[in-house]
file target.pdb (PDB, C-alpha atoms)
ATOM      1  CA  MET A   1      -7.154  13.912 -11.374
ATOM      2  CA  LYS A   2      -4.174  15.717 -12.871
ATOM      3  CA  ILE A   3      -0.730  14.302 -12.036
ATOM      4  CA  TYR A   4       2.437  16.387 -11.884
ATOM      5  CA  ASN A   5       6.017  15.141 -11.661
ATOM      6  CA  ASN A   6       7.325  18.686 -12.004
ATOM      7  CA  ILE A   7       5.848  21.454  -9.852
ATOM      8  CA  GLU A   8       6.756  23.988 -12.525
ATOM      9  CA  ASP A   9       3.865  22.525 -14.547
ATOM     10  CA  PHE A  10       1.368  23.322 -11.784
ATOM     11  CA  LYS A  11      -0.545  26.500 -12.676
ATOM     12  CA  SER A  12      -3.533  26.574 -10.302
ATOM     13  CA  ILE A  13      -3.963  29.263  -7.646
ATOM     14  CA  ASN A  14      -5.828  29.270  -4.309
ATOM     15  CA  THR A  15      -5.131  25.681  -3.375
ATOM     16  CA  VAL A  16      -5.990  23.456  -0.436
ATOM     17  CA  ILE A  17      -3.100  21.034   0.079
ATOM     18  CA  THR A  18      -2.167  18.059   2.207
ATOM     19  CA  ILE A  19       1.332  16.612   2.329
ATOM     20  CA  GLY A  20       2.588  13.132   3.105
ATOM     21  CA  VAL A  21       4.113   9.872   1.951
ATOM     22  CA  PHE A  22       0.701   8.148   2.065
ATOM     23  CA  ASP A  23       2.062   4.593   1.955
ATOM     24  CA  GLY A  24      -1.028   2.396   1.947
ATOM     25  CA  VAL A  25      -3.473   5.253   1.359
ATOM     26  CA  HIS A  26      -5.296   3.888   4.411
ATOM     27  CA  LYS A  27      -8.436   5.099   6.185
ATOM     28  CA  GLY A  28      -6.498   7.704   8.145
ATOM     29  CA  HIS A  29      -5.064   9.117   4.930
ATOM     30  CA  LEU A  30      -8.508   9.097   3.324
ATOM     31  CA  SER A  31      -9.917  11.100   6.224
ATOM     32  CA  VAL A  32      -7.305  13.816   5.653
ATOM     33  CA  ILE A  33      -7.763  13.812   1.874
ATOM     34  CA  ASN A  34     -11.541  14.012   2.240
ATOM     35  CA  ASN A  35     -11.071  17.082   4.440
ATOM     36  CA  VAL A  36      -9.025  18.670   1.641
ATOM     37  CA  ILE A  37     -11.753  17.940  -0.909
ATOM     38  CA  GLU A  38     -14.494  19.251   1.388
ATOM     39  CA  ILE A  39     -12.692  22.522   2.157
ATOM     40  CA  ALA A  40     -11.782  23.045  -1.499
ATOM     41  CA  LYS A  41     -15.393  22.591  -2.614
ATOM     42  CA  LYS A  42     -16.722  24.864   0.106
ATOM     43  CA  GLU A  43     -14.240  27.643  -0.701
ATOM     44  CA  ASN A  44     -14.187  27.095  -4.485
ATOM     45  CA  LYS A  45     -10.490  26.216  -4.512
ATOM     46  CA  GLU A  46      -8.321  23.482  -6.036
ATOM     47  CA  SER A  47      -7.719  20.294  -4.020
ATOM     48  CA  VAL A  48      -4.142  18.969  -4.004
ATOM     49  CA  VAL A  49      -2.283  15.974  -2.580
ATOM     50  CA  PHE A  50       1.481  16.461  -2.391
ATOM     51  CA  THR A  51       3.405  13.211  -2.014
ATOM     52  CA  PHE A  52       6.962  11.982  -2.447
ATOM     53  CA  TRP A  53       8.707   9.301  -4.484
ATOM     54  CA  PRO A  54      10.898   7.496  -3.835
ATOM     55  CA  HIS A  55       9.756   6.813  -0.298
ATOM     56  CA  PRO A  56      12.178   8.547   2.119
ATOM     57  CA  VAL A  57      13.286   5.236   3.620
ATOM     58  CA  MET A  58      14.475   4.160   0.151
ATOM     59  CA  VAL A  59      16.717   7.237   0.036
ATOM     60  CA  PHE A  60      18.107   6.840   3.535
ATOM     61  CA  LYS A  61      18.638   3.090   2.982
ATOM     62  CA  PRO A  62      19.764   3.026  -0.659
ATOM     63  CA  LYS A  63      20.598  -0.685  -0.682
ATOM     64  CA  GLY A  64      16.953  -1.310   0.079
ATOM     65  CA  ASP A  65      17.509  -4.729   1.635
ATOM     66  CA  ASN A  66      15.093  -4.107   4.501
ATOM     67  CA  VAL A  67      12.718  -1.700   2.780
ATOM     68  CA  ARG A  68       9.144  -3.018   2.831
ATOM     69  CA  LEU A  69       6.354  -0.818   1.506
ATOM     70  CA  ILE A  70       2.606  -1.251   1.228
ATOM     71  CA  ASN A  71       2.365   0.422  -2.183
ATOM     72  CA  SER A  72       4.380   1.012  -5.303
ATOM     73  CA  ILE A  73       4.067   4.500  -6.777
ATOM     74  CA  ASP A  74       1.628   3.265  -9.441
ATOM     75  CA  GLU A  75      -0.558   1.630  -6.792
ATOM     76  CA  LYS A  76      -0.494   4.763  -4.667
ATOM     77  CA  ILE A  77      -1.494   6.924  -7.617
ATOM     78  CA  GLU A  78      -4.503   4.740  -8.414
ATOM     79  CA  LEU A  79      -5.654   4.673  -4.781
ATOM     80  CA  ILE A  80      -5.354   8.458  -4.523
ATOM     81  CA  ARG A  81      -7.136   8.885  -7.865
ATOM     82  CA  ALA A  82     -10.105   7.000  -6.415
ATOM     83  CA  THR A  83     -10.548   9.643  -3.695
ATOM     84  CA  GLY A  84     -11.677  12.260  -6.198
ATOM     85  CA  ILE A  85      -8.835  14.698  -5.464
ATOM     86  CA  GLY A  86      -8.242  17.282  -8.163
ATOM     87  CA  HIS A  87      -4.447  17.276  -8.366
ATOM     88  CA  LEU A  88      -1.623  14.945  -7.331
ATOM     89  CA  ILE A  89       1.961  16.167  -7.165
ATOM     90  CA  VAL A  90       4.628  13.433  -7.017
ATOM     91  CA  TYR A  91       7.729  15.230  -5.811
ATOM     92  CA  PRO A  92      11.195  13.647  -6.187
ATOM     93  CA  PHE A  93      12.576  12.944  -2.722
ATOM     94  CA  ASN A  94      16.353  13.085  -2.325
ATOM     95  CA  LEU A  95      18.963  13.812   0.344
ATOM     96  CA  GLY A  96      19.156  17.473  -0.630
ATOM     97  CA  PHE A  97      15.416  17.960  -0.293
ATOM     98  CA  SER A  98      15.395  16.108   3.053
ATOM     99  CA  LYS A  99      17.537  18.885   4.578
ATOM    100  CA  LEU A 100      14.927  21.563   3.872
ATOM    101  CA  ASN A 101      13.236  22.674   7.092
ATOM    102  CA  SER A 102       9.469  22.917   7.345
ATOM    103  CA  CYS A 103       9.183  26.722   7.144
ATOM    104  CA  ASN A 104      11.437  26.922   4.108
ATOM    105  CA  PHE A 105       9.411  24.147   2.482
ATOM    106  CA  ILE A 106       6.191  26.060   3.096
ATOM    107  CA  GLU A 107       7.629  29.278   1.680
ATOM    108  CA  GLN A 108       9.623  27.959  -1.265
ATOM    109  CA  ILE A 109       7.245  25.285  -2.501
ATOM    110  CA  LEU A 110       3.765  25.569  -1.015
ATOM    111  CA  VAL A 111       3.505  29.355  -1.151
ATOM    112  CA  ASN A 112       5.737  30.374  -4.043
ATOM    113  CA  LYS A 113       5.090  27.424  -6.369
ATOM    114  CA  LEU A 114       1.706  25.972  -5.409
ATOM    115  CA  HIS A 115      -0.107  29.059  -4.131
ATOM    116  CA  VAL A 116      -1.500  27.368  -1.040
ATOM    117  CA  SER A 117      -4.202  29.082   0.988
ATOM    118  CA  THR A 118      -5.058  26.200   3.333
ATOM    119  CA  LEU A 119      -2.787  23.416   4.556
ATOM    120  CA  VAL A 120      -4.450  20.270   5.926
ATOM    121  CA  VAL A 121      -2.451  17.863   8.089
ATOM    122  CA  GLY A 122      -3.071  14.729  10.116
ATOM    123  CA  PHE A 123      -3.208  14.744  13.889
ATOM    124  CA  ASN A 124       0.420  13.642  14.407
ATOM    125  CA  HIS A 125       1.888  14.966  11.176
ATOM    126  CA  HIS A 126       5.544  16.073  11.093
ATOM    127  CA  PHE A 127       7.608  17.105   8.103
ATOM    128  CA  GLY A 128      10.736  18.991   7.181
ATOM    129  CA  HIS A 129      14.354  18.172   8.026
ATOM    130  CA  LYS A 130      14.427  15.241  10.468
ATOM    131  CA  ARG A 131      10.645  15.663  10.847
ATOM    132  CA  GLU A 132      11.217  18.635  13.136
ATOM    133  CA  GLY A 133       8.055  20.383  11.912
ATOM    134  CA  SER A 134       5.610  19.898  14.794
ATOM    135  CA  TYR A 135       2.074  21.267  14.708
ATOM    136  CA  ASP A 136       3.127  24.351  16.695
ATOM    137  CA  ASP A 137       5.983  24.975  14.247
ATOM    138  CA  LEU A 138       3.580  24.644  11.333
ATOM    139  CA  LEU A 139       1.104  26.961  13.006
ATOM    140  CA  ASN A 140       3.762  29.641  13.429
ATOM    141  CA  CYS A 141       4.945  29.230   9.827
ATOM    142  CA  THR A 142       1.459  29.347   8.331
ATOM    143  CA  LYS A 143       0.595  32.442  10.362
ATOM    144  CA  ALA A 144       3.720  34.134   9.013
ATOM    145  CA  PHE A 145       2.478  33.559   5.458
ATOM    146  CA  ASN A 146      -1.177  34.281   6.251
ATOM    147  CA  LEU A 147      -2.265  30.698   5.564
ATOM    148  CA  SER A 148      -5.003  28.639   7.151
ATOM    149  CA  LEU A 149      -3.946  25.423   8.917
ATOM    150  CA  LYS A 150      -6.414  22.585   9.450
ATOM    151  CA  ARG A 151      -5.460  19.771  11.808
ATOM    152  CA  CYS A 152      -7.580  16.641  11.427
ATOM    153  CA  ASN A 153      -8.667  14.569  14.402
ATOM    154  CA  PRO A 154      -7.086  11.127  14.894
ATOM    155  CA  TYR A 155      -8.779   8.448  12.806
ATOM    156  CA  LEU A 156      -9.636   5.425  14.935
ATOM    157  CA  VAL A 157     -10.596   1.872  13.984
ATOM    158  CA  ASN A 158     -11.902  -0.122  16.954
ATOM    159  CA  LYS A 159     -10.574   2.672  19.198
ATOM    160  CA  GLN A 160      -7.070   2.295  17.762
ATOM    161  CA  GLU A 161      -5.271   5.035  15.890
ATOM    162  CA  ILE A 162      -3.855   3.684  12.649
ATOM    163  CA  SER A 163      -0.683   4.358  10.714
ATOM    164  CA  SER A 164       1.280   2.890   7.826
ATOM    165  CA  THR A 165       3.805   1.462  10.313
ATOM    166  CA  ILE A 166       1.075  -0.322  12.277
ATOM    167  CA  ILE A 167      -0.390  -1.768   9.073
ATOM    168  CA  ARG A 168       3.016  -3.017   7.927
ATOM    169  CA  ASN A 169       3.487  -4.778  11.254
ATOM    170  CA  GLU A 170       0.051  -6.403  11.000
ATOM    171  CA  LEU A 171       0.898  -7.700   7.518
ATOM    172  CA  ILE A 172       4.298  -8.982   8.638
ATOM    173  CA  ASN A 173       2.563 -10.860  11.464
ATOM    174  CA  GLY A 174      -0.085 -12.289   9.142
ATOM    175  CA  ASN A 175      -2.979 -10.337  10.651
ATOM    176  CA  ILE A 176      -4.608  -9.756   7.288
ATOM    177  CA  LYS A 177      -8.132  -9.024   8.501
ATOM    178  CA  THR A 178      -6.862  -6.358  10.891
ATOM    179  CA  ALA A 179      -4.619  -4.815   8.225
ATOM    180  CA  ASN A 180      -7.502  -4.758   5.748
ATOM    181  CA  SER A 181      -9.789  -3.093   8.299
ATOM    182  CA  PHE A 182      -7.193  -0.310   8.637
ATOM    183  CA  LEU A 183      -6.547  -0.022   4.900
ATOM    184  CA  GLY A 184     -10.185   0.010   3.861
ATOM    185  CA  TYR A 185      -9.464  -2.508   1.091
ATOM    186  CA  ASP A 186      -7.931  -5.979   0.746
ATOM    187  CA  TYR A 187      -4.145  -5.827   0.728
ATOM    188  CA  PHE A 188      -2.789  -6.815  -2.676
ATOM    189  CA  ILE A 189       0.352  -7.699  -4.556
ATOM    190  CA  THR A 190       0.857  -7.729  -8.305
ATOM    191  CA  GLY A 191       3.317  -9.989 -10.056
ATOM    192  CA  LYS A 192       4.222 -12.041 -13.080
ATOM    193  CA  VAL A 193       3.356 -15.731 -13.332
ATOM    194  CA  VAL A 194       6.554 -17.758 -13.749
ATOM    195  CA  GLU A 195       7.128 -21.445 -14.370
ATOM    196  CA  GLY A 196       7.447 -23.684 -11.306
ATOM    197  CA  SER A 197       8.079 -27.352 -10.542
ATOM    198  CA  LYS A 198       4.483 -28.377 -11.439
ATOM    199  CA  ILE A 199       4.220 -30.624  -8.349
ATOM    200  CA  GLY A 200       0.862 -29.068  -7.474
ATOM    201  CA  ARG A 201      -0.546 -30.120 -10.820
ATOM    202  CA  SER A 202       0.328 -33.770 -10.111
ATOM    203  CA  ILE A 203      -1.859 -33.811  -6.967
ATOM    204  CA  GLY A 204      -4.804 -31.914  -8.394
ATOM    205  CA  PHE A 205      -3.808 -28.440  -7.224
ATOM    206  CA  PRO A 206      -2.042 -26.633 -10.080
ATOM    207  CA  THR A 207      -0.545 -23.365  -8.939
ATOM    208  CA  ALA A 208       0.611 -20.141 -10.502
ATOM    209  CA  ASN A 209       4.007 -19.091  -9.148
ATOM    210  CA  ILE A 210       4.131 -15.345  -8.599
ATOM    211  CA  LEU A 211       7.192 -13.133  -8.998
ATOM    212  CA  PRO A 212       6.326  -9.802  -7.310
ATOM    213  CA  GLY A 213       6.755  -6.732  -9.476
ATOM    214  CA  GLN A 214       8.854  -4.796  -6.925
ATOM    215  CA  LYS A 215      11.446  -6.159  -4.519
ATOM    216  CA  PHE A 216      10.408  -3.632  -1.858
ATOM    217  CA  LYS A 217       6.756  -4.754  -1.859
ATOM    218  CA  LEU A 218       5.805  -6.145   1.545
ATOM    219  CA  ILE A 219       4.968  -9.855   1.428
ATOM    220  CA  PRO A 220       2.798 -11.023   4.346
ATOM    221  CA  LYS A 221       3.848 -13.702   6.821
ATOM    222  CA  ASP A 222       4.417 -17.238   5.525
ATOM    223  CA  GLY A 223       1.320 -19.415   5.476
ATOM    224  CA  VAL A 224      -1.882 -20.295   3.651
ATOM    225  CA  TYR A 225      -4.324 -17.549   2.682
ATOM    226  CA  ALA A 226      -7.796 -17.095   1.256
ATOM    227  CA  VAL A 227      -7.364 -14.751  -1.706
ATOM    228  CA  THR A 228      -9.094 -13.346  -4.733
ATOM    229  CA  ILE A 229      -7.289 -12.958  -8.040
ATOM    230  CA  ASP A 230      -7.738 -10.255 -10.682
ATOM    231  CA  TYR A 231      -6.875 -11.370 -14.208
ATOM    232  CA  GLU A 232      -7.970  -9.696 -17.439
ATOM    233  CA  ASN A 233     -10.866  -7.784 -15.837
ATOM    234  CA  ASN A 234     -12.227 -10.903 -14.139
ATOM    235  CA  SER A 235     -12.092 -11.884 -10.473
ATOM    236  CA  TYR A 236     -11.448 -15.435  -9.272
ATOM    237  CA  LYS A 237     -11.232 -17.135  -5.882
ATOM    238  CA  GLY A 238      -8.223 -19.087  -4.748
ATOM    239  CA  MET A 239      -5.846 -20.216  -2.036
ATOM    240  CA  LEU A 240      -2.284 -19.042  -1.765
ATOM    241  CA  ASN A 241       0.804 -20.342  -0.013
ATOM    242  CA  ILE A 242       3.829 -18.286   0.967
ATOM    243  CA  GLY A 243       6.847 -20.226   2.181
ATOM    244  CA  LEU A 244       9.477 -22.860   1.525
ATOM    245  CA  ARG A 245       7.199 -25.774   0.507
ATOM    246  CA  PRO A 246       8.915 -28.108   3.027
ATOM    247  CA  THR A 247       6.901 -31.233   2.102
ATOM    248  CA  VAL A 248       7.997 -31.278  -1.550
ATOM    249  CA  ASN A 249      11.228 -29.285  -1.444
ATOM    250  CA  SER A 250      12.915 -29.794   1.913
ATOM    251  CA  SER A 251      16.304 -28.476   0.765
ATOM    252  CA  SER A 252      15.090 -25.131  -0.592
ATOM    253  CA  LEU A 253      15.835 -21.921   1.270
ATOM    254  CA  LYS A 254      14.052 -19.743  -1.281
ATOM    255  CA  LYS A 255      10.508 -18.672  -0.526
ATOM    256  CA  SER A 256       7.820 -19.011  -3.138
ATOM    257  CA  ILE A 257       4.404 -17.445  -3.619
ATOM    258  CA  GLU A 258       2.009 -19.926  -5.202
ATOM    259  CA  VAL A 259      -1.703 -19.512  -5.826
ATOM    260  CA  HIS A 260      -4.207 -22.205  -6.767
ATOM    261  CA  ILE A 261      -7.040 -20.485  -8.637
ATOM    262  CA  PHE A 262     -10.426 -22.185  -8.319
ATOM    263  CA  ASP A 263     -12.343 -23.089 -11.502
ATOM    264  CA  PHE A 264      -9.589 -21.757 -13.743
ATOM    265  CA  ASN A 265      -7.858 -23.503 -16.647
ATOM    266  CA  HIS A 266      -6.042 -20.736 -18.545
ATOM    267  CA  ILE A 267      -2.328 -20.790 -19.372
ATOM    268  CA  ILE A 268      -1.012 -17.558 -17.868
ATOM    269  CA  TYR A 269       2.791 -17.816 -17.895
ATOM    270  CA  ASP A 270       4.410 -14.381 -18.213
ATOM    271  CA  LYS A 271       1.069 -12.707 -17.481
ATOM    272  CA  ASN A 272       0.567 -10.244 -14.613
ATOM    273  CA  ILE A 273      -2.084 -10.977 -12.022
ATOM    274  CA  LYS A 274      -3.187  -9.194  -8.867
ATOM    275  CA  ILE A 275      -3.612 -11.131  -5.630
ATOM    276  CA  ARG A 276      -5.908  -9.694  -2.944
ATOM    277  CA  PHE A 277      -5.450 -11.138   0.551
ATOM    278  CA  VAL A 278      -8.694 -11.794   2.437
ATOM    279  CA  GLN A 279      -7.758 -13.963   5.420
ATOM    280  CA  ARG A 280      -4.846 -16.035   6.727
ATOM    281  CA  LEU A 281      -5.840 -19.652   7.267
ATOM    282  CA  ARG A 282      -2.854 -21.380   8.858
ATOM    283  CA  ASP A 283       0.921 -21.732   9.077
ATOM    284  CA  GLU A 284       2.854 -23.600   6.441
ATOM    285  CA  ILE A 285       3.261 -27.234   7.574
ATOM    286  CA  LYS A 286       5.703 -29.993   6.669
ATOM    287  CA  PHE A 287       3.745 -33.202   6.084
ATOM    288  CA  ASN A 288       5.121 -36.752   6.142
ATOM    289  CA  ASN A 289       4.228 -37.299   2.499
ATOM    290  CA  VAL A 290       2.422 -35.814  -0.486
ATOM    291  CA  ASN A 291      -0.792 -37.733   0.292
ATOM    292  CA  GLU A 292      -1.087 -35.990   3.646
ATOM    293  CA  LEU A 293      -0.462 -32.671   1.930
ATOM    294  CA  GLN A 294      -3.162 -33.401  -0.627
ATOM    295  CA  LYS A 295      -5.707 -34.201   2.108
ATOM    296  CA  GLN A 296      -4.932 -30.961   3.908
ATOM    297  CA  LEU A 297      -5.220 -28.966   0.698
ATOM    298  CA  ASN A 298      -8.728 -30.344   0.175
ATOM    299  CA  ILE A 299      -9.633 -29.259   3.704
ATOM    300  CA  ASP A 300      -8.072 -25.843   3.116
ATOM    301  CA  LYS A 301      -9.947 -25.389  -0.144
ATOM    302  CA  GLN A 302     -13.312 -26.022   1.474
ATOM    303  CA  SER A 303     -12.488 -23.671   4.338
ATOM    304  CA  ILE A 304     -11.492 -20.954   1.899
ATOM    305  CA  ILE A 305     -14.616 -21.451  -0.212
ATOM    306  CA  ASN A 306     -16.627 -20.895   2.986
ATOM    307  CA  ILE A 307     -14.604 -17.794   3.883
ATOM    308  CA  LEU A 308     -14.892 -16.235   0.440
ATOM    309  CA  SER A 309     -18.630 -16.967   0.144
ATOM    310  CA  ARG A 310     -19.420 -14.847   3.215
TER
END

call {"tool": "encode", "arguments": {"input": "target.pdb", "output": "structure tokens"}}
result
Amino acid sequence: MKIYNNIEDFKSINTVITIGVFDGVHKGHLSVINNVIEIAKKENKESVVFTFWPHPVMVFKPKGDNVRLINSIDEKIELIRATGIGHLIVYPFNLGFSKLNSCNFIEQILVNKLHVSTLVVGFNHHFGHKREGSYDDLLNCTKAFNLSLKRCNPYLVNKQEISSTIIRNELINGNIKTANSFLGYDYFITGKVVEGSKIGRSIGFPTANILPGQKFKLIPKDGVYAVTIDYENNSYKGMLNIGLRPTVNSSSLKKSIEVHIFDFNHIIYDKNIKIRFVQRLRDEIKFNNVNELQKQLNIDKQSIINILSR
């Protein structure tokens, strides 16, 4: 896959293109991208994904306090690369660009710069200024420029149409299995291991404290999770807690992300690890004392071993 941050560098002609933010690169997105690849192969043309960065919501809410995304740009690139698409254009999104209407976008960029012959869109796709570009608008615009327009059918999982917004809500509510079924992969976060209070070590459950790599990365609902951990090309099993650690730190208002990695004894401070969420086990609980916490952690560990061995 060739990646372009400047459309002036794009030299291919006769292209099949899809456009979108693609946060999550979920099963619905994959269905659209696979249509692009299939049409391009059949018609001997170049397959192209056109996406934006930063995410539009980051531009319209520049302080970013409430911005929560499924993917960073690097994560999105790697997920799109795995589809087998030929070209990926990462276009800089800004307020000026957001005011361009859909027909002008098609003419100025897709036709004049990218030489599109077929445009592929999702079932409910809208783009252009204030997302005014409905399917009928797109159809009229593409006809004016003698382009083909392919509209994909809705992609359903368990009879439910999926979207990035729905997946974000599932993650926020801790419904990891549902979110993963929509994504087509286990939701993940990547972060640096930082030094913590080492209380877990004193009760037989040493943890790695994770500082997420991006402040806008969506962190799932507080609680205990079955996870897998990627570190230096190896995969490990573990249990993770997101929350305030009320049993050992009742005065703290700062959330932590701590993972206990099974059968692991490496020192990994300042190292980056990837956490893949498999299933949410329970809410975070305040116990009467550390002994009660330790007993529950043993129960949790066995439950998670059973979950991850399936």

call {"tool": "closest_residue", "arguments": {"input": "target.pdb", "among": "A:Ala82, A:Ile77, A:Leu218, A:Leu138", "to": "Glu107 (chain A)", "atoms": "all atoms listed in the file"}}
result
A:Leu138

call {"tool": "resolve_selection", "arguments": {"input": "target.pdb", "expression": "the PyMOL selection byres ((chain A and resi 279-285) around 10)", "output": "PDB file with C-alpha atoms, in the coordinates of the input"}}
result
ATOM      1  CA  GLY A 174      -0.085 -12.289   9.142  1.00  0.00           C
ATOM      2  CA  ASN A 175      -2.979 -10.337  10.651  1.00  0.00           C
ATOM      3  CA  ILE A 176      -4.608  -9.756   7.288  1.00  0.00           C
ATOM      4  CA  LYS A 177      -8.132  -9.024   8.501  1.00  0.00           C
ATOM      5  CA  THR A 178      -6.862  -6.358  10.891  1.00  0.00           C
ATOM      6  CA  ASN A 180      -7.502  -4.758   5.748  1.00  0.00           C
ATOM      7  CA  ASP A 186      -7.931  -5.979   0.746  1.00  0.00           C
ATOM      8  CA  PRO A 220       2.798 -11.023   4.346  1.00  0.00           C
ATOM      9  CA  LYS A 221       3.848 -13.702   6.821  1.00  0.00           C
ATOM     10  CA  ASP A 222       4.417 -17.238   5.525  1.00  0.00           C
ATOM     11  CA  GLY A 223       1.320 -19.415   5.476  1.00  0.00           C
ATOM     12  CA  VAL A 224      -1.882 -20.295   3.651  1.00  0.00           C
ATOM     13  CA  TYR A 225      -4.324 -17.549   2.682  1.00  0.00           C
ATOM     14  CA  ALA A 226      -7.796 -17.095   1.256  1.00  0.00           C
ATOM     15  CA  VAL A 227      -7.364 -14.751  -1.706  1.00  0.00           C
ATOM     16  CA  MET A 239      -5.846 -20.216  -2.036  1.00  0.00           C
ATOM     17  CA  LEU A 240      -2.284 -19.042  -1.765  1.00  0.00           C
ATOM     18  CA  ASN A 241       0.804 -20.342  -0.013  1.00  0.00           C
ATOM     19  CA  ILE A 242       3.829 -18.286   0.967  1.00  0.00           C
ATOM     20  CA  GLY A 243       6.847 -20.226   2.181  1.00  0.00           C
ATOM     21  CA  LEU A 244       9.477 -22.860   1.525  1.00  0.00           C
ATOM     22  CA  ARG A 245       7.199 -25.774   0.507  1.00  0.00           C
ATOM     23  CA  PRO A 246       8.915 -28.108   3.027  1.00  0.00           C
ATOM     24  CA  THR A 247       6.901 -31.233   2.102  1.00  0.00           C
ATOM     25  CA  ARG A 276      -5.908  -9.694  -2.944  1.00  0.00           C
ATOM     26  CA  PHE A 277      -5.450 -11.138   0.551  1.00  0.00           C
ATOM     27  CA  VAL A 278      -8.694 -11.794   2.437  1.00  0.00           C
ATOM     28  CA  LYS A 286       5.703 -29.993   6.669  1.00  0.00           C
ATOM     29  CA  PHE A 287       3.745 -33.202   6.084  1.00  0.00           C
ATOM     30  CA  ASN A 288       5.121 -36.752   6.142  1.00  0.00           C
ATOM     31  CA  LEU A 293      -0.462 -32.671   1.930  1.00  0.00           C
ATOM     32  CA  GLN A 296      -4.932 -30.961   3.908  1.00  0.00           C
ATOM     33  CA  ASP A 300      -8.072 -25.843   3.116  1.00  0.00           C
ATOM     34  CA  SER A 303     -12.488 -23.671   4.338  1.00  0.00           C
ATOM     35  CA  ILE A 304     -11.492 -20.954   1.899  1.00  0.00           C
ATOM     36  CA  ILE A 307     -14.604 -17.794   3.883  1.00  0.00           C
ATOM     37  CA  LEU A 308     -14.892 -16.235   0.440  1.00  0.00           C
TER      38      LEU A 308
END

call {"tool": "residues_around", "arguments": {"input": "target.pdb", "residues": "Pro56 (chain A)", "least_positions_apart": "4", "cutoff": "8 Å", "atoms": "all atoms listed in the file", "output": "list in words"}}
result
Phe52, Phe60, Phe93 and Asn94 of chain A

call {"tool": "closest_residue", "arguments": {"input": "target.pdb", "among": "A:His125, A:Lys274, A:Lys41, A:Lys76", "to": "Trp53 (chain A)", "atoms": "all atoms listed in the file"}}
result
A:Lys76

call {"tool": "residues_around", "arguments": {"input": "target.pdb", "residues": "His87 (chain A)", "least_positions_apart": "3", "cutoff": "9 Å", "atoms": "all atoms listed in the file", "output": "PyMOL selection string"}}
result
chain A and resi 1-4+46-50+81

call {"tool": "atom_distance", "arguments": {"input": "target.pdb", "atom1": "CA of Ile17 (chain A)", "atom2": "CA of Leu119 (chain A)"}}
result
5.1 Å

call {"tool": "atom_distance", "arguments": {"input": "target.pdb", "atom1": "CA of Tyr187 (chain A)", "atom2": "CA of Lys27 (chain A)"}}
result
12.9 Å

call {"tool": "residues_around", "arguments": {"input": "target.pdb", "residues": "Tyr236 (chain A)", "least_positions_apart": "6", "cutoff": "7 Å", "atoms": "only C-alpha atoms", "output": "compact mmCIF listing (two decimals) with C-alpha atoms, keeping the file's coordinate frame"}}
result
# COMPACT_ATOMS: atom_id res chain seq x y z
CA THR A 228 -9.09 -13.35 -4.73
CA ILE A 229 -7.29 -12.96 -8.04
CA ASP A 230 -7.74 -10.26 -10.68
CA ILE A 261 -7.04 -20.48 -8.64
CA PHE A 262 -10.43 -22.18 -8.32

call {"tool": "closest_residue", "arguments": {"input": "target.pdb", "among": "A:Ser72, A:Asn14, A:Ser181, A:Asn249", "to": "Asn44 (chain A)", "atoms": "all atoms listed in the file"}}
result
A:Asn14

call {"tool": "resolve_selection", "arguments": {"input": "target.pdb", "expression": "the PyMOL selection byres ((chain A and resi 95) around 12)", "output": "number ranges by chain"}}
result
A: 54-62, 92-94, 96-100, 128-130

call {"tool": "write_last_selection", "arguments": {"input": "target.pdb", "atoms": "C-alpha atoms", "output": "mmCIF file, in the coordinates of the input"}}
result
data_model
loop_
_atom_site.group_PDB
_atom_site.id
_atom_site.type_symbol
_atom_site.label_atom_id
_atom_site.label_comp_id
_atom_site.auth_asym_id
_atom_site.auth_seq_id
_atom_site.Cartn_x
_atom_site.Cartn_y
_atom_site.Cartn_z
ATOM 1 C CA PRO A 54 10.898 7.496 -3.835
ATOM 2 C CA HIS A 55 9.756 6.813 -0.298
ATOM 3 C CA PRO A 56 12.178 8.547 2.119
ATOM 4 C CA VAL A 57 13.286 5.236 3.620
ATOM 5 C CA MET A 58 14.475 4.160 0.151
ATOM 6 C CA VAL A 59 16.717 7.237 0.036
ATOM 7 C CA PHE A 60 18.107 6.840 3.535
ATOM 8 C CA LYS A 61 18.638 3.090 2.982
ATOM 9 C CA PRO A 62 19.764 3.026 -0.659
ATOM 10 C CA PRO A 92 11.195 13.647 -6.187
ATOM 11 C CA PHE A 93 12.576 12.944 -2.722
ATOM 12 C CA ASN A 94 16.353 13.085 -2.325
ATOM 13 C CA GLY A 96 19.156 17.473 -0.630
ATOM 14 C CA PHE A 97 15.416 17.960 -0.293
ATOM 15 C CA SER A 98 15.395 16.108 3.053
ATOM 16 C CA LYS A 99 17.537 18.885 4.578
ATOM 17 C CA LEU A 100 14.927 21.563 3.872
ATOM 18 C CA GLY A 128 10.736 18.991 7.181
ATOM 19 C CA HIS A 129 14.354 18.172 8.026
ATOM 20 C CA LYS A 130 14.427 15.241 10.468
#

call {"tool": "atom_distance", "arguments": {"input": "target.pdb", "atom1": "CA of Ile39 (chain A)", "atom2": "CA of Val120 (chain A)"}}
result
9.3 Å

call {"tool": "residues_around", "arguments": {"input": "target.pdb", "residues": "Val25 (chain A)", "least_positions_apart": "5", "cutoff": "8 Å", "atoms": "only C-alpha atoms", "output": "VMD selection string"}}
result
chain A and resid 30 76 79 to 80 183

call {"tool": "resolve_selection", "arguments": {"input": "target.pdb", "expression": "the PyMOL selection byres ((chain A and resi 193) around 9)", "output": "list in words"}}
result
Gly191, Lys192, Val194, Glu195, Ala208, Asn209, Ile210, Leu211, Pro212, Ile268, Tyr269, Asp270, Lys271, Asn272 and Ile273 of chain A

call {"tool": "closest_residue", "arguments": {"input": "target.pdb", "among": "A:Lys254, A:His115, A:Lys159, A:Lys11", "to": "Phe145 (chain A)", "atoms": "only C-alpha atoms"}}
result
A:His115
